[in-house]
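Novice: Structure: work-v2.pdb, PDB, N, CA and C atoms.
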```pdb
ATOM      1  N   MET A   7     185.512  70.363  30.095
ATOM      2  CA  MET A   7     185.900  69.988  28.746
ATOM      3  C   MET A   7     185.563  68.510  28.526
ATOM      4  N   PRO A   8     184.937  68.149  27.418
ATOM      5  CA  PRO A   8     184.593  66.749  27.157
ATOM      6  C   PRO A   8     185.848  65.899  26.939
ATOM      7  N   TYR A   9     185.701  64.624  27.186
ATOM      8  CA  TYR A   9     186.794  63.692  26.944
ATOM      9  C   TYR A   9     186.225  62.411  26.339
ATOM     10  N   GLU A  10     187.102  61.620  25.744
ATOM     11  CA  GLU A  10     186.701  60.363  25.124
ATOM     12  C   GLU A  10     187.017  59.210  26.066
ATOM     13  N   HIS A  11     186.080  58.280  26.157
ATOM     14  CA  HIS A  11     186.230  57.110  27.025
ATOM     15  C   HIS A  11     185.813  55.882  26.215
ATOM     16  N   ARG A  12     186.752  54.956  25.999
ATOM     17  CA  ARG A  12     186.465  53.742  25.232
ATOM     18  C   ARG A  12     186.708  52.523  26.099
ATOM     19  N   GLN A  13     185.916  51.493  25.857
ATOM     20  CA  GLN A  13     186.139  50.203  26.493
ATOM     21  C   GLN A  13     186.109  49.137  25.407
ATOM     22  N   ILE A  14     187.168  48.347  25.357
ATOM     23  CA  ILE A  14     187.238  47.232  24.415
ATOM     24  C   ILE A  14     187.155  45.964  25.261
ATOM     25  N   VAL A  15     186.070  45.232  25.102
ATOM     26  CA  VAL A  15     185.826  44.034  25.897
ATOM     27  C   VAL A  15     186.231  42.818  25.074
ATOM     28  N   PHE A  16     186.965  41.901  25.690
ATOM     29  CA  PHE A  16     187.535  40.746  25.005
ATOM     30  C   PHE A  16     186.776  39.470  25.348
ATOM     31  N   THR A  17     186.543  38.644  24.345
ATOM     32  CA  THR A  17     185.957  37.325  24.589
ATOM     33  C   THR A  17     186.997  36.455  25.282
ATOM     34  N   GLY A  18     186.567  35.332  25.812
ATOM     35  CA  GLY A  18     187.503  34.404  26.438
ATOM     36  C   GLY A  18     188.555  33.916  25.459
ATOM     37  N   GLU A  19     188.143  33.661  24.232
ATOM     38  CA  GLU A  19     189.073  33.198  23.196
ATOM     39  C   GLU A  19     190.105  34.275  22.860
ATOM     40  N   GLU A  20     189.654  35.529  22.736
ATOM     41  CA  GLU A  20     190.579  36.634  22.445
ATOM     42  C   GLU A  20     191.552  36.853  23.592
ATOM     43  N   LEU A  21     191.057  36.765  24.830
ATOM     44  CA  LEU A  21     191.926  36.910  25.993
ATOM     45  C   LEU A  21     193.006  35.834  25.983
ATOM     46  N   SER A  22     192.607  34.602  25.737
ATOM     47  CA  SER A  22     193.552  33.495  25.718
ATOM     48  C   SER A  22     194.603  33.684  24.624
ATOM     49  N   GLU A  23     194.163  34.103  23.447
ATOM     50  CA  GLU A  23     195.085  34.357  22.335
ATOM     51  C   GLU A  23     196.049  35.494  22.674
ATOM     52  N   ALA A  24     195.526  36.551  23.298
ATOM     53  CA  ALA A  24     196.354  37.707  23.664
ATOM     54  C   ALA A  24     197.415  37.323  24.690
ATOM     55  N   VAL A  25     197.012  36.575  25.700
ATOM     56  CA  VAL A  25     197.939  36.163  26.760
ATOM     57  C   VAL A  25     199.028  35.256  26.195
ATOM     58  N   GLU A  26     198.629  34.296  25.368
ATOM     59  CA  GLU A  26     199.611  33.366  24.799
ATOM     60  C   GLU A  26     200.637  34.106  23.938
ATOM     61  N   ALA A  27     200.177  35.006  23.071
ATOM     62  CA  ALA A  27     201.082  35.747  22.193
ATOM     63  C   ALA A  27     202.018  36.649  23.002
ATOM     64  N   HIS A  28     201.482  37.339  23.989
ATOM     65  CA  HIS A  28     202.295  38.255  24.791
ATOM     66  C   HIS A  28     203.328  37.482  25.613
ATOM     67  N   ASN A  29     202.939  36.333  26.118
ATOM     68  CA  ASN A  29     203.855  35.524  26.932
ATOM     69  C   ASN A  29     205.079  35.086  26.133
ATOM     70  N   ARG A  30     204.895  34.851  24.823
ATOM     71  CA  ARG A  30     206.020  34.456  23.969
ATOM     72  C   ARG A  30     206.995  35.611  23.758
ATOM     73  N   MET A  31     206.528  36.846  23.926
ATOM     74  CA  MET A  31     207.336  38.018  23.601
ATOM     75  C   MET A  31     208.056  38.629  24.808
ATOM     76  N   VAL A  32     207.614  38.333  26.012
ATOM     77  CA  VAL A  32     208.226  38.961  27.192
ATOM     78  C   VAL A  32     209.308  38.065  27.788
ATOM     79  N   ASP A  33     210.256  38.709  28.436
ATOM     80  CA  ASP A  33     211.336  37.974  29.073
ATOM     81  C   ASP A  33     211.550  38.553  30.469
ATOM     82  N   PRO A  34     211.343  37.798  31.513
ATOM     83  CA  PRO A  34     210.978  36.383  31.523
ATOM     84  C   PRO A  34     209.476  36.216  31.296
ATOM     85  N   PRO A  35     209.062  35.060  30.784
ATOM     86  CA  PRO A  35     207.630  34.833  30.564
ATOM     87  C   PRO A  35     206.881  34.733  31.895
ATOM     88  N   ALA A  36     205.634  35.150  31.894
ATOM     89  CA  ALA A  36     204.811  35.067  33.105
ATOM     90  C   ALA A  36     204.273  33.657  33.306
ATOM     91  N   ILE A  37     204.210  32.894  32.217
ATOM     92  CA  ILE A  37     203.670  31.539  32.266
ATOM     93  C   ILE A  37     204.770  30.578  31.853
ATOM     94  N   LEU A  38     205.124  29.676  32.743
ATOM     95  CA  LEU A  38     206.169  28.708  32.455
ATOM     96  C   LEU A  38     205.554  27.433  31.874
ATOM     97  N   GLY A  39     206.348  26.688  31.124
ATOM     98  CA  GLY A  39     205.862  25.441  30.540
ATOM     99  C   GLY A  39     205.102  25.690  29.254
ATOM    100  N   GLU A  40     204.323  24.708  28.846
ATOM    101  CA  GLU A  40     203.534  24.799  27.618
ATOM    102  C   GLU A  40     202.188  25.435  27.935
ATOM    103  N   TYR A  41     201.939  26.620  27.349
ATOM    104  CA  TYR A  41     200.693  27.355  27.603
ATOM    105  C   TYR A  41     199.494  26.506  27.189
ATOM    106  N   HIS A  42     198.442  26.547  28.028
ATOM    107  CA  HIS A  42     197.236  25.777  27.728
ATOM    108  C   HIS A  42     196.019  26.685  27.548
ATOM    109  N   SER A  43     195.725  27.564  28.532
ATOM    110  CA  SER A  43     194.534  28.402  28.436
ATOM    111  C   SER A  43     194.570  29.536  29.456
ATOM    112  N   SER A  44     193.658  30.499  29.263
ATOM    113  CA  SER A  44     193.469  31.617  30.195
ATOM    114  C   SER A  44     191.980  31.816  30.410
ATOM    115  N   TRP A  45     191.631  32.371  31.555
ATOM    116  CA  TRP A  45     190.225  32.632  31.839
ATOM    117  C   TRP A  45     190.127  33.661  32.959
ATOM    118  N   VAL A  46     188.920  34.225  33.112
ATOM    119  CA  VAL A  46     188.640  35.190  34.173
ATOM    120  C   VAL A  46     187.949  34.437  35.309
ATOM    121  N   GLU A  47     188.452  34.663  36.527
ATOM    122  CA  GLU A  47     187.871  34.021  37.709
ATOM    123  C   GLU A  47     188.003  34.968  38.884
ATOM    124  N   ASP A  48     186.880  35.335  39.494
ATOM    125  CA  ASP A  48     186.883  36.221  40.665
ATOM    126  C   ASP A  48     187.674  37.504  40.417
ATOM    127  N   ASP A  49     187.433  38.162  39.307
ATOM    128  CA  ASP A  49     188.111  39.412  38.942
ATOM    129  C   ASP A  49     189.626  39.284  38.911
ATOM    130  N   GLU A  50     190.088  38.136  38.467
ATOM    131  CA  GLU A  50     191.509  37.900  38.208
ATOM    132  C   GLU A  50     191.608  37.112  36.909
ATOM    133  N   VAL A  51     192.742  37.258  36.235
ATOM    134  CA  VAL A  51     192.983  36.456  35.043
ATOM    135  C   VAL A  51     193.915  35.319  35.443
ATOM    136  N   LYS A  52     193.469  34.110  35.178
ATOM    137  CA  LYS A  52     194.238  32.907  35.496
ATOM    138  C   LYS A  52     194.753  32.301  34.192
ATOM    139  N   ALA A  53     195.863  31.608  34.283
ATOM    140  CA  ALA A  53     196.417  30.912  33.121
ATOM    141  C   ALA A  53     196.862  29.527  33.555
ATOM    142  N   LYS A  54     196.676  28.577  32.664
ATOM    143  CA  LYS A  54     197.079  27.198  32.937
ATOM    144  C   LYS A  54     198.152  26.797  31.942
ATOM    145  N   SER A  55     199.190  26.152  32.463
ATOM    146  CA  SER A  55     200.232  25.617  31.589
ATOM    147  C   SER A  55     200.515  24.184  32.000
ATOM    148  N   LEU A  56     201.156  23.474  31.100
ATOM    149  CA  LEU A  56     201.518  22.083  31.350
ATOM    150  C   LEU A  56     203.026  22.022  31.529
ATOM    151  N   ILE A  57     203.464  21.446  32.631
ATOM    152  CA  ILE A  57     204.884  21.335  32.943
ATOM    153  C   ILE A  57     205.289  19.873  32.776
ATOM    154  N   PRO A  58     206.110  19.560  31.760
ATOM    155  CA  PRO A  58     206.545  18.173  31.604
ATOM    156  C   PRO A  58     207.449  17.765  32.766
ATOM    157  N   ASP A  59     207.228  16.597  33.267
ATOM    158  CA  ASP A  59     208.009  16.042  34.370
ATOM    159  C   ASP A  59     208.548  14.694  33.908
ATOM    160  N   ALA A  60     209.538  14.203  34.598
ATOM    161  CA  ALA A  60     210.131  12.923  34.218
ATOM    162  C   ALA A  60     209.099  11.793  34.266
ATOM    163  N   GLU A  61     208.146  11.893  35.191
ATOM    164  CA  GLU A  61     207.175  10.819  35.354
ATOM    165  C   GLU A  61     205.809  11.139  34.768
ATOM    166  N   ALA A  62     205.405  12.407  34.790
ATOM    167  CA  ALA A  62     204.077  12.788  34.292
ATOM    168  C   ALA A  62     204.060  14.281  33.988
ATOM    169  N   THR A  63     202.997  14.737  33.372
ATOM    170  CA  THR A  63     202.829  16.156  33.093
ATOM    171  C   THR A  63     202.001  16.766  34.213
ATOM    172  N   GLN A  64     202.464  17.882  34.748
ATOM    173  CA  GLN A  64     201.758  18.562  35.825
ATOM    174  C   GLN A  64     201.070  19.812  35.292
ATOM    175  N   ASP A  65     199.889  20.090  35.818
ATOM    176  CA  ASP A  65     199.188  21.338  35.505
ATOM    177  C   ASP A  65     199.648  22.408  36.472
ATOM    178  N   LEU A  66     199.925  23.598  35.951
ATOM    179  CA  LEU A  66     200.303  24.732  36.780
ATOM    180  C   LEU A  66     199.336  25.871  36.474
ATOM    181  N   VAL A  67     198.650  26.380  37.486
ATOM    182  CA  VAL A  67     197.719  27.500  37.324
ATOM    183  C   VAL A  67     198.297  28.696  38.055
ATOM    184  N   VAL A  68     198.378  29.833  37.355
ATOM    185  CA  VAL A  68     198.914  31.059  37.954
ATOM    186  C   VAL A  68     197.917  32.197  37.774
ATOM    187  N   THR A  69     197.972  33.157  38.690
ATOM    188  CA  THR A  69     197.224  34.407  38.546
ATOM    189  C   THR A  69     198.152  35.394  37.859
ATOM    190  N   LEU A  70     197.699  35.953  36.755
ATOM    191  CA  LEU A  70     198.549  36.864  35.985
ATOM    192  C   LEU A  70     198.499  38.276  36.553
ATOM    193  N   PRO A  71     199.656  38.943  36.629
ATOM    194  CA  PRO A  71     199.677  40.340  37.090
ATOM    195  C   PRO A  71     198.887  41.238  36.137
ATOM    196  N   LYS A  72     198.221  42.240  36.694
ATOM    197  CA  LYS A  72     197.406  43.139  35.861
ATOM    198  C   LYS A  72     198.247  43.830  34.791
ATOM    199  N   LYS A  73     199.495  44.174  35.126
ATOM    200  CA  LYS A  73     200.369  44.833  34.154
ATOM    201  C   LYS A  73     200.631  43.908  32.954
ATOM    202  N   PHE A  74     200.791  42.620  33.209
ATOM    203  CA  PHE A  74     200.995  41.651  32.128
ATOM    204  C   PHE A  74     199.747  41.548  31.256
ATOM    205  N   VAL A  75     198.571  41.497  31.888
ATOM    206  CA  VAL A  75     197.317  41.394  31.129
ATOM    207  C   VAL A  75     197.103  42.659  30.302
ATOM    208  N   LEU A  76     197.391  43.825  30.880
ATOM    209  CA  LEU A  76     197.273  45.084  30.137
ATOM    210  C   LEU A  76     198.157  45.048  28.888
ATOM    211  N   GLY A  77     199.403  44.633  29.048
ATOM    212  CA  GLY A  77     200.309  44.517  27.900
ATOM    213  C   GLY A  77     199.789  43.538  26.862
ATOM    214  N   SER A  78     199.193  42.439  27.324
ATOM    215  CA  SER A  78     198.631  41.438  26.417
ATOM    216  C   SER A  78     197.503  42.024  25.577
ATOM    217  N   LEU A  79     196.611  42.773  26.221
ATOM    218  CA  LEU A  79     195.456  43.343  25.511
ATOM    219  C   LEU A  79     195.894  44.430  24.529
ATOM    220  N   ILE A  80     196.855  45.256  24.926
ATOM    221  CA  ILE A  80     197.368  46.293  24.024
ATOM    222  C   ILE A  80     198.025  45.649  22.811
ATOM    223  N   ARG A  81     198.870  44.647  23.047
ATOM    224  CA  ARG A  81     199.543  43.954  21.944
ATOM    225  C   ARG A  81     198.516  43.307  20.998
ATOM    226  N   PHE A  82     197.475  42.700  21.567
ATOM    227  CA  PHE A  82     196.428  42.069  20.761
ATOM    228  C   PHE A  82     195.774  43.106  19.843
ATOM    229  N   CYS A  83     195.467  44.272  20.400
ATOM    230  CA  CYS A  83     194.837  45.329  19.594
ATOM    231  C   CYS A  83     195.758  45.777  18.466
ATOM    232  N   VAL A  84     197.014  46.001  18.769
ATOM    233  CA  VAL A  84     197.979  46.445  17.755
ATOM    234  C   VAL A  84     198.099  45.404  16.649
ATOM    235  N   GLU A  85     198.242  44.133  17.028
ATOM    236  CA  GLU A  85     198.396  43.068  16.039
ATOM    237  C   GLU A  85     197.111  42.796  15.258
ATOM    238  N   SER A  86     195.962  43.190  15.817
ATOM    239  CA  SER A  86     194.674  43.000  15.143
ATOM    240  C   SER A  86     194.223  44.257  14.409
ATOM    241  N   ASN A  87     195.112  45.245  14.318
ATOM    242  CA  ASN A  87     194.822  46.520  13.649
ATOM    243  C   ASN A  87     193.651  47.272  14.275
ATOM    244  N   ILE A  88     193.506  47.150  15.583
ATOM    245  CA  ILE A  88     192.533  47.953  16.321
ATOM    246  C   ILE A  88     193.279  49.198  16.769
ATOM    247  N   LYS A  89     192.890  50.334  16.262
ATOM    248  CA  LYS A  89     193.618  51.579  16.519
ATOM    249  C   LYS A  89     193.442  52.031  17.967
ATOM    250  N   LEU A  90     194.583  52.314  18.598
ATOM    251  CA  LEU A  90     194.604  52.833  19.959
ATOM    252  C   LEU A  90     195.328  54.175  19.960
ATOM    253  N   PRO A  91     194.751  55.192  20.595
ATOM    254  CA  PRO A  91     195.438  56.483  20.654
ATOM    255  C   PRO A  91     196.672  56.407  21.550
ATOM    256  N   ARG A  92     197.790  56.919  21.060
ATOM    257  CA  ARG A  92     199.029  56.908  21.855
ATOM    258  C   ARG A  92     198.869  57.671  23.156
ATOM    259  N   ALA A  93     198.200  58.807  23.078
ATOM    260  CA  ALA A  93     198.094  59.681  24.251
ATOM    261  C   ALA A  93     197.042  59.198  25.254
ATOM    262  N   GLY A  94     196.268  58.197  24.892
ATOM    263  CA  GLY A  94     195.214  57.726  25.783
ATOM    264  C   GLY A  94     195.766  57.016  27.008
ATOM    265  N   ARG A  95     195.133  57.237  28.152
ATOM    266  CA  ARG A  95     195.483  56.534  29.389
ATOM    267  C   ARG A  95     194.814  55.159  29.327
ATOM    268  N   LYS A  96     195.615  54.111  29.366
ATOM    269  CA  LYS A  96     195.114  52.750  29.183
ATOM    270  C   LYS A  96     195.169  51.994  30.504
ATOM    271  N   THR A  97     194.056  51.363  30.847
ATOM    272  CA  THR A  97     193.988  50.563  32.054
ATOM    273  C   THR A  97     193.253  49.262  31.755
ATOM    274  N   PHE A  98     193.480  48.290  32.620
ATOM    275  CA  PHE A  98     192.836  46.994  32.509
ATOM    276  C   PHE A  98     191.784  46.884  33.603
ATOM    277  N   MET A  99     190.607  46.391  33.228
ATOM    278  CA  MET A  99     189.531  46.215  34.201
ATOM    279  C   MET A  99     188.641  45.062  33.769
ATOM    280  N   PHE A 100     187.622  44.775  34.536
ATOM    281  CA  PHE A 100     186.649  43.746  34.185
ATOM    282  C   PHE A 100     185.303  44.393  33.949
ATOM    283  N   VAL A 101     184.614  43.954  32.896
ATOM    284  CA  VAL A 101     183.272  44.425  32.592
ATOM    285  C   VAL A 101     182.416  43.191  32.332
ATOM    286  N   GLY A 102     181.398  43.005  33.152
ATOM    287  CA  GLY A 102     180.524  41.849  32.974
ATOM    288  C   GLY A 102     181.267  40.524  33.044
ATOM    289  N   GLY A 103     182.303  40.454  33.875
ATOM    290  CA  GLY A 103     183.066  39.227  34.026
ATOM    291  C   GLY A 103     184.041  38.944  32.898
ATOM    292  N   LYS A 104     184.265  39.937  32.037
ATOM    293  CA  LYS A 104     185.204  39.770  30.929
ATOM    294  C   LYS A 104     186.331  40.792  31.047
ATOM    295  N   ALA A 105     187.488  40.447  30.453
ATOM    296  CA  ALA A 105     188.628  41.358  30.448
ATOM    297  C   ALA A 105     188.319  42.551  29.542
ATOM    298  N   CYS A 106     188.727  43.729  29.974
ATOM    299  CA  CYS A 106     188.411  44.951  29.239
ATOM    300  C   CYS A 106     189.622  45.888  29.252
ATOM    301  N   LEU A 107     189.903  46.465  28.095
ATOM    302  CA  LEU A 107     190.918  47.510  27.971
ATOM    303  C   LEU A 107     190.171  48.838  27.939
ATOM    304  N   GLU A 108     190.447  49.687  28.921
ATOM    305  CA  GLU A 108     189.795  50.989  28.998
ATOM    306  C   GLU A 108     190.786  52.053  28.550
ATOM    307  N   ILE A 109     190.318  52.949  27.672
ATOM    308  CA  ILE A 109     191.160  54.035  27.162
ATOM    309  C   ILE A 109     190.442  55.349  27.401
ATOM    310  N   VAL A 110     191.148  56.289  28.038
ATOM    311  CA  VAL A 110     190.584  57.616  28.303
ATOM    312  C   VAL A 110     191.464  58.654  27.650
ATOM    313  N   LEU A 111     190.862  59.485  26.814
ATOM    314  CA  LEU A 111     191.538  60.623  26.201
ATOM    315  C   LEU A 111     190.958  61.879  26.840
ATOM    316  N   ASP A 112     191.714  62.461  27.740
ATOM    317  CA  ASP A 112     191.260  63.634  28.467
ATOM    318  C   ASP A 112     192.192  64.797  28.151
ATOM    319  N   PRO A 113     191.693  65.824  27.448
ATOM    320  CA  PRO A 113     192.561  66.954  27.089
ATOM    321  C   PRO A 113     193.106  67.697  28.291
ATOM    322  N   ASP A 114     192.467  67.572  29.460
ATOM    323  CA  ASP A 114     192.931  68.263  30.656
ATOM    324  C   ASP A 114     193.893  67.412  31.487
ATOM    325  N   ASP A 115     194.154  66.181  31.035
ATOM    326  CA  ASP A 115     195.047  65.277  31.767
ATOM    327  C   ASP A 115     196.489  65.561  31.333
ATOM    328  N   HIS A 116     197.242  66.205  32.202
ATOM    329  CA  HIS A 116     198.623  66.605  31.867
ATOM    330  C   HIS A 116     199.610  65.749  32.639
ATOM    331  N   ARG A 117     199.383  64.474  32.713
ATOM    332  CA  ARG A 117     200.233  63.526  33.446
ATOM    333  C   ARG A 117     201.550  64.108  33.729
TER     334      ARG A 117
END
```
Could you spell out this file's structure in structure tokens?
Specialist:
Amino acid sequence: MPYEHRQIVFTGEELSEAVEAHNRMVDPPAILGEYHSSWVEDDEVKAKSLIPDAEATQDLVVTLPKKFVLGSLIRFCVESNIKLPRAGRKTFMFVGGKACLEIVLDPDDHR
């Protein structure tokens, strides 16, 4: 039986916007301090934040969990009016060094 397979690939700017917006909505946030940027490095998503200190501002770089990035990309699509099927199996992956939301609609998939 045929199935549908979609991949939505995000630019660096879209990824950064998605991560920042999602981080504001989750509790506890995955990124502490003042969010600065996100990027893909070695098949991981990294985020940089600025942590104010009594003497100076420190940079903090973290590797984001895949589940957090998946939530970020889904939220970005919903807020950008990109239609996603509810029944679709959604996963996060990398395509050509960019973050990608993969959606599979398989009629034989009875999770």
Novice: For Trp45 (chain A), find every residue with an atom within 8 Å (counting only N, CA and C atoms), except residues of its own chain fewer than 5 positions away, and show them as a ChimeraX atom specification.
Specialist: /A:18-19,21-22,50-54,105
Novice: Given the selection you just returned, output its residues as a file containing N, CA and C atoms, formatted as a short mmCIF file (atom, residue, chain, number, x, y, z; two decimals), keeping the file's coordinate frame.
Specialist:
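Final file, out.cif:
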```cif
data_model
loop_
_atom_site.label_atom_id
_atom_site.label_comp_id
_atom_site.auth_asym_id
_atom_site.auth_seq_id
_atom_site.Cartn_x
_atom_site.Cartn_y
_atom_site.Cartn_z
N GLY A 18 186.57 35.33 25.81
CA GLY A 18 187.50 34.40 26.44
C GLY A 18 188.56 33.92 25.46
N GLU A 19 188.14 33.66 24.23
CA GLU A 19 189.07 33.20 23.20
C GLU A 19 190.10 34.28 22.86
N LEU A 21 191.06 36.76 24.83
CA LEU A 21 191.93 36.91 25.99
C LEU A 21 193.01 35.83 25.98
N SER A 22 192.61 34.60 25.74
CA SER A 22 193.55 33.49 25.72
C SER A 22 194.60 33.68 24.62
N GLU A 50 190.09 38.14 38.47
CA GLU A 50 191.51 37.90 38.21
C GLU A 50 191.61 37.11 36.91
N VAL A 51 192.74 37.26 36.24
CA VAL A 51 192.98 36.46 35.04
C VAL A 51 193.92 35.32 35.44
N LYS A 52 193.47 34.11 35.18
CA LYS A 52 194.24 32.91 35.50
C LYS A 52 194.75 32.30 34.19
N ALA A 53 195.86 31.61 34.28
CA ALA A 53 196.42 30.91 33.12
C ALA A 53 196.86 29.53 33.56
N LYS A 54 196.68 28.58 32.66
CA LYS A 54 197.08 27.20 32.94
C LYS A 54 198.15 26.80 31.94
N ALA A 105 187.49 40.45 30.45
CA ALA A 105 188.63 41.36 30.45
C ALA A 105 188.32 42.55 29.54
#
```
Novice: What is the distance between atom N of Leu70 (chain A) and atom N of Glu40 (chain A), in Å to one decimal?
Specialist: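 Straight-line distance from atom N of Leu70 (chain A) to atom N of Glu40 (chain A) works out to 15.3 Å.
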Novice: With only C-alpha atoms as the atoms that count, which of A:Glu10, A:Glu26, A:Ser55, A:Pro35 lies nearest to Gly94 (chain A)?
Specialist: A:Glu10
Novice: Which is closer to Pro8 (chain A) than all the others in A:Ile80, A:Val67, A:Leu111, A:Leu38, using only C-alpha atoms?
Specialist: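 Distance minimum relative to Pro8 (chain A) lands on A:Leu111.
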Novice: List every residue of chain A that DSSP, applied to the backbone of this structure, places in helix (DSSP H, G or I), and write the result as a list in words.
Specialist: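 The residues of chain A classed as helix (DSSP H, G or I) are Gly18, Glu19, Glu20, Leu21, Ser22, Glu23, Ala24, Val25, Glu26, Ala27, His28, Asn29, Arg30, Met31, Lys72, Lys73, Phe74, Val75, Leu76, Gly77, Ser78, Leu79, Ile80, Arg81, Phe82, Cys83, Val84 and Glu85 of chain A.
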Novice: Restricting the calculation to all atoms listed in the file, which member of A:His42, A:His28, A:Lys104, A:Lys89 is positioned closest to Phe74 (chain A)?
Specialist: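 Ranking A:His42, A:His28, A:Lys104, A:Lys89 by distance to Phe74 (chain A), first place goes to A:His28.
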Novice: Looking at A:Arg81, A:Pro58, A:His11, A:Lys73, which one is nearest to Glu108 (chain A), with distances taken over only C-alpha atoms?
Specialist: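 Distance minimum relative to Glu108 (chain A) lands on A:His11.
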Novice: Please evaluate the PyMOL selection byres ((chain A and resi 98) around 6.5) against the structure above and give the resulting residues as a compact mmCIF listing (two decimals) with N, CA and C atoms, keeping the file's coordinate frame.
Specialist:
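And here is the file that came out, selection.txt:
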```txt
# COMPACT_ATOMS: atom_id res chain seq x y z
N VAL A 75 198.57 41.50 31.89
CA VAL A 75 197.32 41.39 31.13
C VAL A 75 197.10 42.66 30.30
N LEU A 76 197.39 43.82 30.88
CA LEU A 76 197.27 45.08 30.14
C LEU A 76 198.16 45.05 28.89
N LYS A 96 195.62 54.11 29.37
CA LYS A 96 195.11 52.75 29.18
C LYS A 96 195.17 51.99 30.50
N THR A 97 194.06 51.36 30.85
CA THR A 97 193.99 50.56 32.05
C THR A 97 193.25 49.26 31.76
N MET A 99 190.61 46.39 33.23
CA MET A 99 189.53 46.22 34.20
C MET A 99 188.64 45.06 33.77
N PHE A 100 187.62 44.78 34.54
CA PHE A 100 186.65 43.75 34.18
C PHE A 100 185.30 44.39 33.95
N CYS A 106 188.73 43.73 29.97
CA CYS A 106 188.41 44.95 29.24
C CYS A 106 189.62 45.89 29.25
N LEU A 107 189.90 46.46 28.10
CA LEU A 107 190.92 47.51 27.97
C LEU A 107 190.17 48.84 27.94
N GLU A 108 190.45 49.69 28.92
CA GLU A 108 189.80 50.99 29.00
C GLU A 108 190.79 52.05 28.55
```
Novice: With distances taken over all atoms listed in the file, which residue among A:Val110, A:Arg30, A:Leu66, A:Val25 lies nearest Gln13 (chain A)?
Specialist: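 Going through A:Val110, A:Arg30, A:Leu66, A:Val25 one by one, the smallest distance to Gln13 (chain A) is for A:Val110.
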Novice: Figure out the distance between atom N of Val46 (chain A) and atom N of Val84 (chain A), please, to one decimal in Å.
Specialist: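 Pair atom N of Val84 (chain A) / atom N of Val46 (chain A) returns 20.2 Å.
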Novice: Quick one: pull the distance between CA of Tyr9 (chain A) and atom C of Asp49 (chain A), Å, one decimal.
Specialist: 27.3 Å
Novice: Name the closest residue to Leu79 (chain A) among the candidates A:Asp33, A:Glu61, A:Glu47, A:Glu20; distances are taken between atoms, counting all atoms listed in the file.
Specialist: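 The closest residue to Leu79 (chain A) is A:Glu20.
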Novice: Padding of 5 Å on every side, edges along x, y and z, all listed atoms of region 95-102 of chain A included: what centre and edge lengths in Å, to one decimal, does that box have, as JSON?
Specialist:
```
{"center_x": 188.1, "center_y": 48.9, "center_z": 31.3, "size_x": 25.1, "size_y": 26.7, "size_z": 16.4}
```
Novice: Select from chain A everything DSSP, run on the backbone, classes as strand (DSSP E or B), then give the selection as number ranges by chain.
Specialist: A: 10-15, 40-47, 50-58, 63-69, 95-101, 104-111
